[in-house]
Amino acid sequence: PVRAPSKTSRSQTSAPTAVAALPQPARKVWKKLWLNLHLYIGLVAGALFVLTSLTGSLLVFYKTIDEWLNPEQLIRTAGSDQSLRDIVAGARTMHPDWSPPDTLIFPLHDRDTFHAWFKDPAAAPTEERWHVVAVDPSTARPLSDRQWGVFFVSFIYELHQELLLGKPGEILIGIMAIFLLVSIGTGLYLWCPAPGKLRRALSFQSGGSPIRRHYDVHKLTGLAGAILLTLLALTGFYLEFPYAVTSVVRWFSPVRDTAPELQPQSELQAAVSK
């Protein structure tokens with residue numbers, strides 16, 4: 001005869017089903033969440049990350065590139081420098097009816113020129129249009145008058161800073177810097193190895209599948225560049241939102257604001273004001 005299973009045996013048989021129905025561990029749930037966040041930030045903002053990286057790399061050499069493209073406009077002649085007042089006066093001959101130059105950039109090397117920045121008064125109130133006048137310090141003679149944003153390196157600068165969109169572009173770049181920080185943080189969380197698996201997390205499996213090798217390259221390069229990328233994201237955010245960063249700094253460090261009229265007048269300001 002076949003005996004019917006007892007209550008005890010039935011409960012023991014159904015126990016594995018009850019264990020299998022338990023929810024996933026919280027770590028796996030969080031890991032999936034961070035993985036999706038890391039993935040979609042990369043898909044949505046990855047192109048902008050690449051664009052700002054490439055344009056930023058070009059801007060590191062903007063001076064050399066500009067002089068290489070326009071040597072006759074930016075390279076001075078041999079001779080001793082004229083007075084600062086004469087150099088400013090020479091720059092103002094290009095725009096005698098405009099206000100004095102807002103900024104004067106001094107030469108960075110022996111053959112470099114002075115660059116005087118003039119604000120175009122004909123621009124709309126919501127738009128800032130600048131002209132950059134290069135002056136030969138040996139003769140105080142203007143060499144070029146170029147509108148900012150039109151010549152190559154200035155175009156690259158505007159593309160890097162605001163995506164050619166003006167103020168909305170600056171806000172978008174600032175938000176992108178936050179996304180980059182989140183991407184770095186989620187990437188580090190996803191990489192963080194379990195106890196005893198650090199060596200494997202730092203290794204590259206050259207004999208693995210193409211997908212595995214690609215993953216290892218992504219993992220190791222991201223880990224190696226995390227500190228540098230964090231610095232780039234933080235400084236980029238500051239350049240777009242300086243007042244927001246200053247407000248945060250005030251919480252733990254004093255910040256002194258000095259009005260321009262209270263600052264001592266330099267030789268440059270004296271020359272420009274004449």
# chains A, B, ... in the order shown; residues from 1 in each chain; ligands from 1
>>> select_by_dssp(residues="stretch 39-270 of chain A", states="alpha helix (DSSP H)", output="ChimeraX atom specification")
/A:39-60,62-69,71-74,84-92,152-162,167-191,198-201,210-224,226-240,242-249,267-270
>>> residues_around(residues="A:Arg256", least_positions_apart="3", cutoff="12 Å", atoms="only C-alpha atoms", output="list of chain:residue names")
A:Thr246, A:Ser247, A:Val249, A:Arg250, A:Ser253, A:Ala259
>>> write_last_selection(atoms="all heavy atoms", output="CSV table (one decimal), in the first residue's frame")
chain,number,residue,atom,x,y,z
A,246,THR,N,30.2,79.9,-5.4
A,246,THR,CA,30.6,80.8,-4.4
A,246,THR,C,29.7,80.8,-3.2
A,246,THR,O,30.1,80.9,-2.1
A,246,THR,CB,30.7,82.3,-5.0
A,246,THR,OG1,31.6,82.3,-6.1
A,246,THR,CG2,31.2,83.3,-4.0
A,247,SER,N,28.4,80.6,-3.5
A,247,SER,CA,27.4,80.6,-2.4
A,247,SER,C,27.6,79.4,-1.5
A,247,SER,O,27.5,79.4,-0.3
A,247,SER,CB,26.0,80.5,-3.0
A,247,SER,OG,25.7,81.7,-3.7
A,249,VAL,N,30.6,77.9,-1.1
A,249,VAL,CA,31.9,78.1,-0.4
A,249,VAL,C,31.7,79.0,0.8
A,249,VAL,O,32.4,78.9,1.8
A,249,VAL,CB,32.9,78.8,-1.4
A,249,VAL,CG1,34.2,79.2,-0.7
A,249,VAL,CG2,33.3,77.8,-2.5
A,250,ARG,N,30.7,79.9,0.7
A,250,ARG,CA,30.5,80.8,1.9
A,250,ARG,C,30.1,80.1,3.1
A,250,ARG,O,30.2,80.6,4.2
A,250,ARG,CB,29.4,81.8,1.5
A,250,ARG,CG,29.8,82.9,0.5
A,250,ARG,CD,28.6,83.8,0.2
A,250,ARG,NE,28.8,84.6,-1.0
A,250,ARG,CZ,29.4,85.8,-0.9
A,250,ARG,NH1,29.9,86.2,0.2
A,250,ARG,NH2,29.6,86.5,-2.1
A,253,SER,N,33.8,79.0,4.3
A,253,SER,CA,35.0,79.8,4.2
A,253,SER,C,34.5,81.3,3.9
A,253,SER,O,33.5,81.4,3.1
A,253,SER,CB,35.8,79.3,3.0
A,253,SER,OG,36.9,80.2,2.8
A,259,ALA,N,34.1,95.9,-4.5
A,259,ALA,CA,33.6,96.6,-5.7
A,259,ALA,C,34.7,97.2,-6.5
A,259,ALA,O,35.8,97.6,-6.0
A,259,ALA,CB,32.7,97.7,-5.2
>>> residues_around(residues="A:Gly222", least_positions_apart="2", cutoff="12 Å", atoms="only C-alpha atoms", output="MDAnalysis selection string")
chainID A and resid 180 183:191 202 215:220 224:230
>>> atom_distance(atom1="atom CA of A:Glu67", atom2="atom CA of A:Val153")
10.1 Å
>>> closest_residue(among="A:Val132, A:Ala140, A:Arg200, A:Lys63", to="A:Asp112", atoms="only C-alpha atoms")
A:Lys63
>>> residues_around(residues="A:Phe106", least_positions_apart="6", cutoff="10 Å", atoms="only C-alpha atoms", output="tab-separated table (two decimals) with all heavy atoms, in the first residue's frame")
chain	number	residue	atom	x	y	z
A	112	ASP	N	54.57	87.84	-29.45
A	112	ASP	CA	53.12	87.99	-29.30
A	112	ASP	C	52.73	89.48	-29.31
A	112	ASP	O	53.56	90.37	-29.17
A	112	ASP	CB	52.66	87.33	-28.00
A	112	ASP	CG	51.16	87.08	-27.98
A	112	ASP	OD1	50.51	87.28	-29.03
A	112	ASP	OD2	50.65	86.68	-26.92
A	113	THR	N	51.41	89.73	-29.46
A	113	THR	CA	50.88	91.09	-29.52
A	113	THR	C	49.94	91.33	-28.34
A	113	THR	O	49.55	90.40	-27.62
A	113	THR	CB	50.12	91.30	-30.83
A	113	THR	OG1	49.08	90.30	-30.93
A	113	THR	CG2	51.04	91.18	-32.02
A	114	PHE	N	49.58	92.60	-28.16
A	114	PHE	CA	48.53	92.96	-27.21
A	114	PHE	C	47.17	92.73	-27.87
A	114	PHE	O	47.01	92.94	-29.08
A	114	PHE	CB	48.65	94.43	-26.80
A	114	PHE	CG	49.71	94.69	-25.78
A	114	PHE	CD1	51.04	94.87	-26.16
A	114	PHE	CD2	49.39	94.78	-24.43
A	114	PHE	CE1	52.02	95.12	-25.22
A	114	PHE	CE2	50.37	95.03	-23.49
A	114	PHE	CZ	51.68	95.20	-23.87
A	115	HIS	N	46.19	92.34	-27.04
A	115	HIS	CA	44.85	92.12	-27.55
A	115	HIS	C	43.87	92.95	-26.71
A	115	HIS	O	43.71	92.69	-25.51
A	115	HIS	CB	44.47	90.64	-27.50
A	115	HIS	CG	45.25	89.79	-28.44
A	115	HIS	ND1	46.52	89.36	-28.18
A	115	HIS	CD2	44.93	89.30	-29.67
A	115	HIS	CE1	46.97	88.64	-29.18
A	115	HIS	NE2	46.03	88.59	-30.11
A	116	ALA	N	43.25	93.93	-27.37
A	116	ALA	CA	42.28	94.80	-26.70
A	116	ALA	C	40.87	94.35	-27.07
A	116	ALA	O	40.55	94.17	-28.25
A	116	ALA	CB	42.51	96.25	-27.12
A	137	PRO	N	53.14	95.79	-30.27
A	137	PRO	CA	53.70	96.64	-29.21
A	137	PRO	C	54.93	97.43	-29.65
A	137	PRO	O	55.28	98.42	-29.01
A	137	PRO	CB	54.06	95.64	-28.11
A	137	PRO	CG	54.18	94.34	-28.80
A	137	PRO	CD	53.23	94.36	-29.96
>>> closest_residue(among="A:Phe61, A:Trp98, A:Ile178, A:Lys197", to="A:Leu231", atoms="only C-alpha atoms")
A:Ile178
>>> closest_residue(among="A:Gly174, A:Pro100, A:Gly79, A:Pro193", to="A:Asp136", atoms="only C-alpha atoms")
A:Gly79
>>> residues_around(residues="A:Ser57", least_positions_apart="6", cutoff="12 Å", atoms="only C-alpha atoms", output="list of chain:residue names")
A:Val50, A:Leu51, A:Ile65, A:Val153, A:Ile156, A:Tyr157, A:His160, A:Leu232
>>> closest_residue(among="A:Arg212, A:Arg141, A:Arg27, A:His38", to="A:Asp81", atoms="only C-alpha atoms")
A:Arg141
>>> select_by_dssp(residues="stretch 101-130 of chain A", states="strand (DSSP E or B)", output="compact mmCIF listing (two decimals) with N, CA and C atoms, in the first residue's frame")
# COMPACT_ATOMS: atom_id res chain seq x y z
N THR A 103 39.01 94.97 -21.75
CA THR A 103 40.11 94.11 -21.30
C THR A 103 41.29 94.29 -22.24
N LEU A 104 42.48 94.21 -21.68
CA LEU A 104 43.71 94.24 -22.47
C LEU A 104 44.56 93.04 -22.06
N ILE A 105 44.79 92.13 -23.01
CA ILE A 105 45.57 90.93 -22.73
C ILE A 105 47.00 91.17 -23.17
N PHE A 114 49.58 92.60 -28.16
CA PHE A 114 48.53 92.96 -27.21
C PHE A 114 47.17 92.73 -27.87
N HIS A 115 46.19 92.34 -27.04
CA HIS A 115 44.85 92.12 -27.55
C HIS A 115 43.87 92.95 -26.71
N ALA A 116 43.25 93.93 -27.37
CA ALA A 116 42.28 94.80 -26.70
C ALA A 116 40.87 94.35 -27.07
N TRP A 117 40.04 94.17 -26.05
CA TRP A 117 38.67 93.70 -26.24
C TRP A 117 37.70 94.87 -26.15
N PHE A 118 36.94 95.09 -27.23
CA PHE A 118 35.95 96.15 -27.28
C PHE A 118 34.54 95.55 -27.35
N LYS A 119 33.63 96.13 -26.60
CA LYS A 119 32.23 95.70 -26.64
C LYS A 119 31.49 96.52 -27.68
N TRP A 130 31.67 91.10 -29.15
CA TRP A 130 33.00 91.61 -28.83
C TRP A 130 33.88 91.64 -30.08
